[in-house]
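Colleague: Have a peek at upload.pdb (PDB, C-alpha atoms, pLDDT in the B column).
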```pdb
ATOM      1  CA  MET A   1       1.948 -12.916 -26.230  1.00 48.00           C
ATOM      2  CA  ALA A   2      -0.841 -11.636 -24.021  1.00 63.00           C
ATOM      3  CA  SER A   3      -2.825  -8.681 -25.182  1.00 92.00           C
ATOM      4  CA  GLU A   4      -2.808  -5.383 -23.338  1.00 95.00           C
ATOM      5  CA  LYS A   5      -6.408  -6.089 -22.256  1.00 96.00           C
ATOM      6  CA  TYR A   6      -5.377  -9.417 -20.746  1.00 97.00           C
ATOM      7  CA  GLU A   7      -2.538  -7.706 -18.871  1.00 96.00           C
ATOM      8  CA  ARG A   8      -5.020  -5.190 -17.414  1.00 97.00           C
ATOM      9  CA  ILE A   9      -7.314  -8.023 -16.361  1.00 98.00           C
ATOM     10  CA  TRP A  10      -4.492  -9.971 -14.715  1.00 97.00           C
ATOM     11  CA  GLU A  11      -3.384  -6.857 -12.839  1.00 98.00           C
ATOM     12  CA  ALA A  12      -6.934  -6.343 -11.552  1.00 98.00           C
ATOM     13  CA  VAL A  13      -7.075  -9.971 -10.379  1.00 98.00           C
ATOM     14  CA  ARG A  14      -3.732  -9.537  -8.595  1.00 98.00           C
ATOM     15  CA  SER A  15      -5.342  -6.702  -6.600  1.00 98.00           C
ATOM     16  CA  ILE A  16      -7.872  -9.038  -4.931  1.00 98.00           C
ATOM     17  CA  PRO A  17      -6.664  -9.610  -1.366  1.00 98.00           C
ATOM     18  CA  ARG A  18      -6.279 -13.084   0.076  1.00 98.00           C
ATOM     19  CA  GLY A  19      -9.579 -14.218   1.601  1.00 98.00           C
ATOM     20  CA  ARG A  20     -11.677 -12.092  -0.768  1.00 98.00           C
ATOM     21  CA  VAL A  21     -13.285 -12.652  -4.163  1.00 98.00           C
ATOM     22  CA  ALA A  22     -14.494 -10.621  -7.122  1.00 98.00           C
ATOM     23  CA  SER A  23     -16.964 -11.305  -9.898  1.00 98.00           C
ATOM     24  CA  TYR A  24     -15.935 -11.456 -13.525  1.00 98.00           C
ATOM     25  CA  GLY A  25     -17.863  -8.235 -14.070  1.00 98.00           C
ATOM     26  CA  ARG A  26     -16.090  -6.451 -11.206  1.00 98.00           C
ATOM     27  CA  ILE A  27     -12.710  -7.440 -12.621  1.00 98.00           C
ATOM     28  CA  ALA A  28     -13.763  -6.112 -16.030  1.00 98.00           C
ATOM     29  CA  GLU A  29     -14.695  -2.796 -14.367  1.00 98.00           C
ATOM     30  CA  LEU A  30     -11.389  -2.596 -12.479  1.00 98.00           C
ATOM     31  CA  ALA A  31      -9.524  -3.265 -15.726  1.00 98.00           C
ATOM     32  CA  GLY A  32     -11.411  -0.470 -17.492  1.00 97.00           C
ATOM     33  CA  LEU A  33     -13.305  -2.984 -19.609  1.00 97.00           C
ATOM     34  CA  GLU A  34     -16.822  -2.592 -18.252  1.00 96.00           C
ATOM     35  CA  GLY A  35     -19.295  -5.004 -19.794  1.00 96.00           C
ATOM     36  CA  GLN A  36     -16.600  -7.440 -20.906  1.00 97.00           C
ATOM     37  CA  SER A  37     -16.862 -10.055 -18.164  1.00 97.00           C
ATOM     38  CA  ARG A  38     -16.574 -12.847 -20.744  1.00 96.00           C
ATOM     39  CA  LEU A  39     -13.164 -11.458 -21.745  1.00 97.00           C
ATOM     40  CA  VAL A  40     -12.095 -11.854 -18.111  1.00 97.00           C
ATOM     41  CA  GLY A  41     -12.893 -15.555 -18.356  1.00 96.00           C
ATOM     42  CA  TYR A  42     -10.867 -15.858 -21.550  1.00 96.00           C
ATOM     43  CA  ALA A  43      -7.911 -14.055 -19.959  1.00 97.00           C
ATOM     44  CA  LEU A  44      -7.965 -16.322 -16.917  1.00 97.00           C
ATOM     45  CA  HIS A  45      -8.281 -19.424 -19.088  1.00 95.00           C
ATOM     46  CA  SER A  46      -5.131 -18.410 -20.971  1.00 95.00           C
ATOM     47  CA  LEU A  47      -2.956 -18.252 -17.829  1.00 95.00           C
ATOM     48  CA  LYS A  48       0.090 -20.485 -17.636  1.00 90.00           C
ATOM     49  CA  THR A  49       0.187 -23.068 -14.822  1.00 84.00           C
ATOM     50  CA  ALA A  50       2.953 -21.257 -12.919  1.00 87.00           C
ATOM     51  CA  SER A  51       1.223 -17.873 -13.059  1.00 94.00           C
ATOM     52  CA  ASP A  52       1.237 -15.507 -10.062  1.00 95.00           C
ATOM     53  CA  VAL A  53      -2.332 -14.394 -10.854  1.00 98.00           C
ATOM     54  CA  PRO A  54      -4.724 -15.630  -8.115  1.00 98.00           C
ATOM     55  CA  TRP A  55      -7.352 -16.817 -10.612  1.00 97.00           C
ATOM     56  CA  GLN A  56      -9.239 -18.736  -7.916  1.00 98.00           C
ATOM     57  CA  ARG A  57     -10.484 -15.447  -6.425  1.00 98.00           C
ATOM     58  CA  VAL A  58     -12.718 -14.752  -9.438  1.00 98.00           C
ATOM     59  CA  ILE A  59     -16.207 -16.265  -9.244  1.00 98.00           C
ATOM     60  CA  ASN A  60     -19.541 -15.407 -10.800  1.00 98.00           C
ATOM     61  CA  ALA A  61     -21.838 -12.633  -9.581  1.00 97.00           C
ATOM     62  CA  GLN A  62     -24.093 -15.156  -7.823  1.00 97.00           C
ATOM     63  CA  GLY A  63     -21.169 -16.196  -5.630  1.00 98.00           C
ATOM     64  CA  LYS A  64     -20.700 -19.538  -7.365  1.00 98.00           C
ATOM     65  CA  ILE A  65     -17.772 -21.154  -9.096  1.00 98.00           C
ATOM     66  CA  SER A  66     -18.363 -21.155 -12.844  1.00 94.00           C
ATOM     67  CA  LEU A  67     -15.787 -23.770 -13.771  1.00 91.00           C
ATOM     68  CA  PRO A  68     -16.777 -27.439 -14.130  1.00 90.00           C
ATOM     69  CA  GLY A  69     -15.384 -30.652 -12.679  1.00 92.00           C
ATOM     70  CA  PRO A  70     -11.997 -31.099 -11.028  1.00 95.00           C
ATOM     71  CA  ILE A  71     -10.899 -27.504 -11.575  1.00 94.00           C
ATOM     72  CA  ALA A  72     -13.988 -26.334  -9.655  1.00 96.00           C
ATOM     73  CA  ARG A  73     -12.989 -28.523  -6.720  1.00 96.00           C
ATOM     74  CA  THR A  74      -9.469 -27.113  -6.878  1.00 96.00           C
ATOM     75  CA  GLN A  75     -10.799 -23.558  -6.940  1.00 97.00           C
ATOM     76  CA  ARG A  76     -13.063 -24.204  -3.949  1.00 98.00           C
ATOM     77  CA  LYS A  77     -10.216 -25.803  -1.960  1.00 98.00           C
ATOM     78  CA  LEU A  78      -7.940 -22.848  -2.693  1.00 97.00           C
ATOM     79  CA  LEU A  79     -10.596 -20.353  -1.617  1.00 98.00           C
ATOM     80  CA  GLU A  80     -11.443 -22.289   1.541  1.00 98.00           C
ATOM     81  CA  SER A  81      -7.735 -22.425   2.408  1.00 98.00           C
ATOM     82  CA  GLU A  82      -7.767 -18.615   2.237  1.00 98.00           C
ATOM     83  CA  GLY A  83     -10.728 -18.454   4.637  1.00 98.00           C
ATOM     84  CA  VAL A  84     -13.518 -17.982   2.102  1.00 98.00           C
ATOM     85  CA  PRO A  85     -16.485 -20.107   3.244  1.00 98.00           C
ATOM     86  CA  PHE A  86     -19.138 -21.647   1.022  1.00 98.00           C
ATOM     87  CA  SER A  87     -22.781 -22.151   1.937  1.00 98.00           C
ATOM     88  CA  ALA A  88     -24.474 -25.541   1.709  1.00 97.00           C
ATOM     89  CA  ALA A  89     -25.673 -24.407  -1.738  1.00 96.00           C
ATOM     90  CA  GLY A  90     -22.061 -23.838  -2.847  1.00 96.00           C
ATOM     91  CA  ARG A  91     -22.153 -20.038  -2.739  1.00 98.00           C
ATOM     92  CA  VAL A  92     -19.871 -17.384  -1.317  1.00 98.00           C
ATOM     93  CA  ASP A  93     -21.546 -14.463   0.468  1.00 97.00           C
ATOM     94  CA  MET A  94     -20.659 -11.736  -2.049  1.00 97.00           C
ATOM     95  CA  LYS A  95     -21.768  -8.947   0.306  1.00 97.00           C
ATOM     96  CA  LYS A  96     -19.262 -10.120   2.876  1.00 97.00           C
ATOM     97  CA  PHE A  97     -16.345 -11.438   0.797  1.00 97.00           C
ATOM     98  CA  SER A  98     -16.234  -9.512  -2.479  1.00 97.00           C
ATOM     99  CA  ILE A  99     -14.077  -6.479  -3.078  1.00 95.00           C
TER
END
```
Is it possible to give me this structure as structure tokens?
Modeller:
Amino acid sequence: MASEKYERIWEAVRSIPRGRVASYGRIAELAGLEGQSRLVGYALHSLKTASDVPWQRVINAQGKISLPGPIARTQRKLLESEGVPFSAAGRVDMKKFSI
């Protein structure tokens, strides 16, 4: 069973609108867990496949996808399908697209 902290994190992630992103640190703040951005990563990693939490909208503070390999490509495709563009360097403009 998910912890109360995980539930707060998932709720914060659900609040990110389509076409926008948030950093792990911003999600921690929104969940009342400031300074616990690593916990956000753990909470997202524990999601079930059929989850309604839009995990793809969480990226690192530099505007890059933190996940490796095929899951990174999936995350990028999902974000691009929502209208979030990436630069040639693989970054999202956090000033423009973050909540």
Colleague: Sorted by chain and rising residue number, list the residues of segment 42-70 of chain A at most 6 Å from segment 3-26 of chain A (counting all atoms listed in the file), each with its closest atom pair and distance in Å to one decimal, as CSV.
Modeller:
```
residue,atom,partner,partner_atom,distance
A:Ala43,CA,A:Tyr6,CA,5.3
A:Val53,CA,A:Arg14,CA,5.5
A:Arg57,CA,A:Val21,CA,4.6
A:Val58,CA,A:Ala22,CA,5.1
A:Ile59,CA,A:Ser23,CA,5.1
A:Asn60,CA,A:Ser23,CA,4.9
A:Ala61,CA,A:Ser23,CA,5.1
```
Colleague: Quick one: distance from atom CA of His45 of chain A to atom CA of Ile71 of chain A in Å, one decimal?
Modeller: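 Computing the Euclidean distance for atom CA of His45 of chain A and atom CA of Ile71 of chain A yields 11.3 Å.
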Colleague: Go through A:Asp93, A:Glu29, A:Ser98, A:Gln56 one by one, measure the shortest atom-to-atom distance of each to Ser81 of chain A using all atoms listed in the file, and give the residue with the smallest value.
Modeller: A:Gln56
Colleague: To one decimal in Å, tell me the separation between atom CA of Thr49 of chain A and atom CA of Gly90 of chain A.
Modeller: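 Distance reported for this atom pair: 25.3 Å.
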Colleague: Output the residue selection produced by the PyMOL selection byres ((chain A and resi 86) around 12) on the file above, formatted as a list in words.
Modeller: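 With the shown file as input, the PyMOL selection byres ((chain A and resi 86) around 12) matches Val21, Ile59, Gly63, Lys64, Ile65, Gln75, Arg76, Lys77, Leu78, Leu79, Glu80, Ser81, Glu82, Gly83, Val84, Pro85, Ser87, Ala88, Ala89, Gly90, Arg91, Val92, Asp93, Met94, Lys96 and Phe97 of chain A.
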Colleague: Tell me, in Å to one decimal, how far atom CA of Gln62 of chain A is from atom CA of Gln36 of chain A.
Modeller: 16.9 Å
